[in-house]
Amino acid sequence: MINQRSLLSMTAVGLIFSCATGIAKADETLKFRAVLHATFAQSQDVGDVDGHTMSLARYSGLTSFPDGTTGTGYFVATTDYIKGAGTFWVYNNLTLNDGSVLWYKSTGATTMDGTTSRFQGTVTVLGGKGKYEGAKGDGTVTGARTVPLSAGADLYNDLVINIKK
């Protein structure tokens with residue numbers, strides 16, 4: 001026979017389990033690659049030390065997901081580099097084929113590996129439209145550009161973004 005205390009304990013466990021599974025269903029992890037082309041790049045020599053430049057760039061291109069889904073992406077970035085290495089700040093837009101949009105920013109560091117720029121940073125979700133309406137979250141970005149930052153330069157970014165709705 002179940003007493004009142006046992007019934008309350010089972011009810012509490014059931015509620016906790018229901019809430020936890022409800023939260024898990026709302027979360028989504030996006031893993032994708034963005035291959036982007038610089039449509040604009042403007043740099044200025046800072047002049048304090050050799051090779052110190054600040055830049056503003058805009059990239060646009062395609063995104064590809066492991067399940068074959070594709071979309072488009074673009075971003076506007078500012079950089080603070082000394083001889084190609086330094087910090088970046090990027091505001092991104094990811095648009096999926098269903099019309100959903102995810103806005104996120106990424107910040108991090110660029111290092112030089114020979115003539116290749118390597119990127120590593122963090123992602124903060126800013127919001128979105130469609131299935132990403134009200135989204136928040138975080139993630140990581142890594143990537144590379146094999147040519148100097150200029151109009152026409154190509155790069156790729158691999159992203160893992162944890163969406164919380």
# chains A, B, ... in the order shown; residues from 1 in each chain; ligands from 1
>>> select_by_dssp(residues="chain A", states="strand (DSSP E)", output="MDAnalysis selection string")
chainID A and resid 28:45 52:64 70:82 85:96 101:113 116:129 136:145 154:164
>>> residues_around(residues="segment 121-132 of chain A", least_positions_apart="3", cutoff="12 Å", atoms="only C-alpha atoms", output="PyMOL selection string")
chain A and resi 26-30+86-111+118+135-144+157-165
>>> write_last_selection(atoms="C-alpha atoms", output="mmCIF file, in the first residue's frame")
data_model
loop_
_atom_site.group_PDB
_atom_site.id
_atom_site.type_symbol
_atom_site.label_atom_id
_atom_site.label_comp_id
_atom_site.auth_asym_id
_atom_site.auth_seq_id
_atom_site.Cartn_x
_atom_site.Cartn_y
_atom_site.Cartn_z
ATOM 1 C CA ALA A 26 13.795 22.886 -26.130
ATOM 2 C CA ASP A 27 17.588 22.875 -26.503
ATOM 3 C CA GLU A 28 19.288 22.290 -29.839
ATOM 4 C CA THR A 29 22.936 22.027 -30.837
ATOM 5 C CA LEU A 30 23.817 23.341 -34.291
ATOM 6 C CA GLY A 86 45.203 39.515 -32.909
ATOM 7 C CA THR A 87 41.565 39.841 -31.949
ATOM 8 C CA PHE A 88 38.300 39.825 -33.904
ATOM 9 C CA TRP A 89 34.661 40.805 -33.241
ATOM 10 C CA VAL A 90 32.038 39.460 -35.626
ATOM 11 C CA TYR A 91 28.249 39.877 -35.956
ATOM 12 C CA ASN A 92 26.749 36.956 -37.890
ATOM 13 C CA ASN A 93 23.489 36.120 -39.648
ATOM 14 C CA LEU A 94 22.576 32.500 -40.479
ATOM 15 C CA THR A 95 19.494 31.983 -42.666
ATOM 16 C CA LEU A 96 18.169 28.460 -43.201
ATOM 17 C CA ASN A 97 16.168 27.267 -46.202
ATOM 18 C CA ASP A 98 12.934 27.291 -44.139
ATOM 19 C CA GLY A 99 13.389 31.057 -43.596
ATOM 20 C CA SER A 100 14.509 30.780 -39.971
ATOM 21 C CA VAL A 101 17.249 33.232 -39.006
ATOM 22 C CA LEU A 102 19.812 33.026 -36.198
ATOM 23 C CA TRP A 103 21.799 36.076 -35.107
ATOM 24 C CA TYR A 104 24.967 35.558 -33.109
ATOM 25 C CA LYS A 105 28.241 37.286 -32.356
ATOM 26 C CA SER A 106 31.655 35.745 -32.105
ATOM 27 C CA THR A 107 34.829 37.062 -30.531
ATOM 28 C CA GLY A 108 38.234 35.511 -30.389
ATOM 29 C CA ALA A 109 41.796 35.420 -31.568
ATOM 30 C CA THR A 110 43.540 34.941 -34.870
ATOM 31 C CA THR A 111 46.974 33.347 -34.976
ATOM 32 C CA ARG A 118 43.662 30.442 -37.859
ATOM 33 C CA ALA A 135 16.810 31.998 -28.852
ATOM 34 C CA LYS A 136 19.778 32.446 -26.538
ATOM 35 C CA GLY A 137 22.876 30.344 -26.129
ATOM 36 C CA ASP A 138 26.589 30.037 -26.686
ATOM 37 C CA GLY A 139 29.159 28.059 -28.577
ATOM 38 C CA THR A 140 32.533 27.941 -30.283
ATOM 39 C CA VAL A 141 34.018 28.858 -33.632
ATOM 40 C CA THR A 142 37.228 27.690 -35.307
ATOM 41 C CA GLY A 143 38.360 28.279 -38.851
ATOM 42 C CA ALA A 144 40.994 29.508 -41.262
ATOM 43 C CA ASN A 157 34.393 28.614 -40.012
ATOM 44 C CA ASP A 158 33.315 25.479 -38.137
ATOM 45 C CA LEU A 159 30.704 26.302 -35.528
ATOM 46 C CA VAL A 160 29.053 24.515 -32.641
ATOM 47 C CA ILE A 161 26.174 26.581 -31.220
ATOM 48 C CA ASN A 162 24.060 25.520 -28.242
ATOM 49 C CA ILE A 163 20.589 27.027 -28.669
ATOM 50 C CA LYS A 164 18.438 27.592 -25.579
ATOM 51 C CA LYS A 165 14.826 28.602 -26.190
#
>>> atom_distance(atom1="atom CA of Leu155 of chain A", atom2="atom CA of Gly73 of chain A")
12.3 Å
>>> residues_around(residues="segment 56-59 of chain A", least_positions_apart="4", cutoff="10 Å", atoms="only C-alpha atoms", output="PyMOL selection string")
chain A and resi 35-44+73-80+88-92+149-155
>>> select_by_dssp(residues="chain A", states="helix (DSSP H, G or I)", output="list of chain:residue names")
A:Gln4, A:Arg5, A:Ser6, A:Leu7, A:Leu8, A:Ser9, A:Met10, A:Thr11, A:Ala12, A:Val13, A:Gly14, A:Leu15, A:Ile16, A:Phe17, A:Ser18, A:Cys19, A:Ala20, A:Thr21, A:Gly22, A:Ile23, A:Ala24, A:Lys25, A:Ala26, A:Gly130, A:Lys131, A:Tyr132
>>> write_last_selection(atoms="C-alpha atoms", output="compact mmCIF listing (two decimals), in the first residue's frame")
# COMPACT_ATOMS: atom_id res chain seq x y z
CA GLN A 4 0.76 9.76 1.42
CA ARG A 5 4.48 10.47 1.89
CA SER A 6 5.45 7.93 -0.82
CA LEU A 7 2.83 9.37 -3.16
CA LEU A 8 4.18 12.89 -2.65
CA SER A 9 7.77 11.70 -3.27
CA MET A 10 6.78 9.91 -6.49
CA THR A 11 4.84 12.99 -7.64
CA ALA A 12 7.85 15.24 -6.95
CA VAL A 13 10.18 12.90 -8.86
CA GLY A 14 7.73 12.81 -11.75
CA LEU A 15 7.48 16.60 -11.87
CA ILE A 16 11.26 17.01 -11.78
CA PHE A 17 11.64 14.44 -14.58
CA SER A 18 8.93 16.16 -16.67
CA CYS A 19 10.54 19.57 -16.24
CA ALA A 20 14.01 18.23 -17.05
CA THR A 21 12.83 16.45 -20.20
CA GLY A 22 10.88 19.54 -21.24
CA ILE A 23 14.03 21.63 -20.99
CA ALA A 24 16.08 19.08 -22.92
CA LYS A 25 13.57 19.09 -25.79
CA ALA A 26 13.80 22.89 -26.13
CA GLY A 130 11.15 31.57 -37.12
CA LYS A 131 12.22 28.55 -35.10
CA TYR A 132 14.96 30.69 -33.47
>>> atom_distance(atom1="atom CA of Gly134 of chain A", atom2="atom CA of Thr72 of chain A")
20.3 Å
>>> atom_distance(atom1="atom CA of Phe32 of chain A", atom2="atom CA of Pro66 of chain A")
6.8 Å
>>> decode(residues="segment 44-114 of chain A", atoms="C-alpha atoms", output="compact mmCIF listing (two decimals), in the first residue's frame")
# COMPACT_ATOMS: atom_id res chain seq x y z
CA GLN A 44 44.07 51.03 -41.85
CA ASP A 45 47.61 51.04 -40.54
CA VAL A 46 47.53 52.09 -36.86
CA GLY A 47 51.13 53.29 -36.91
CA ASP A 48 52.17 52.54 -33.34
CA VAL A 49 54.11 49.33 -34.11
CA ASP A 50 55.15 47.66 -37.34
CA GLY A 51 52.30 45.69 -38.92
CA HIS A 52 49.51 46.92 -36.62
CA THR A 53 46.25 47.27 -38.59
CA MET A 54 42.58 47.67 -37.83
CA SER A 55 40.13 46.28 -40.38
CA LEU A 56 36.45 46.20 -41.21
CA ALA A 57 35.22 43.37 -43.45
CA ARG A 58 31.98 41.86 -44.74
CA TYR A 59 31.76 38.23 -45.80
CA SER A 60 28.90 36.23 -47.31
CA GLY A 61 28.53 32.62 -48.38
CA LEU A 62 27.02 29.22 -47.75
CA THR A 63 26.50 27.05 -44.69
CA SER A 64 26.46 23.27 -44.69
CA PHE A 65 25.14 20.93 -41.98
CA PRO A 66 26.07 17.25 -41.43
CA ASP A 67 22.54 16.13 -42.46
CA GLY A 68 22.88 17.86 -45.86
CA THR A 69 20.83 20.95 -44.91
CA THR A 70 22.20 24.18 -46.32
CA GLY A 71 21.67 27.87 -45.75
CA THR A 72 23.31 31.22 -46.25
CA GLY A 73 25.44 33.23 -43.93
CA TYR A 74 27.01 36.63 -43.76
CA PHE A 75 28.91 38.64 -41.22
CA VAL A 76 30.51 41.98 -40.52
CA ALA A 77 33.82 41.86 -38.66
CA THR A 78 36.32 44.18 -37.07
CA THR A 79 39.88 43.07 -36.45
CA ASP A 80 42.84 44.40 -34.49
CA TYR A 81 45.91 42.60 -35.87
CA ILE A 82 49.66 42.89 -35.58
CA LYS A 83 51.25 41.11 -38.56
CA GLY A 84 48.02 39.14 -39.10
CA ALA A 85 47.51 37.98 -35.50
CA GLY A 86 45.20 39.51 -32.91
CA THR A 87 41.56 39.84 -31.95
CA PHE A 88 38.30 39.83 -33.90
CA TRP A 89 34.66 40.81 -33.24
CA VAL A 90 32.04 39.46 -35.63
CA TYR A 91 28.25 39.88 -35.96
CA ASN A 92 26.75 36.96 -37.89
CA ASN A 93 23.49 36.12 -39.65
CA LEU A 94 22.58 32.50 -40.48
CA THR A 95 19.49 31.98 -42.67
CA LEU A 96 18.17 28.46 -43.20
CA ASN A 97 16.17 27.27 -46.20
CA ASP A 98 12.93 27.29 -44.14
CA GLY A 99 13.39 31.06 -43.60
CA SER A 100 14.51 30.78 -39.97
CA VAL A 101 17.25 33.23 -39.01
CA LEU A 102 19.81 33.03 -36.20
CA TRP A 103 21.80 36.08 -35.11
CA TYR A 104 24.97 35.56 -33.11
CA LYS A 105 28.24 37.29 -32.36
CA SER A 106 31.66 35.75 -32.10
CA THR A 107 34.83 37.06 -30.53
CA GLY A 108 38.23 35.51 -30.39
CA ALA A 109 41.80 35.42 -31.57
CA THR A 110 43.54 34.94 -34.87
CA THR A 111 46.97 33.35 -34.98
CA MET A 112 49.30 32.90 -37.92
CA ASP A 113 50.42 29.45 -39.09
CA GLY A 114 52.83 30.33 -41.90
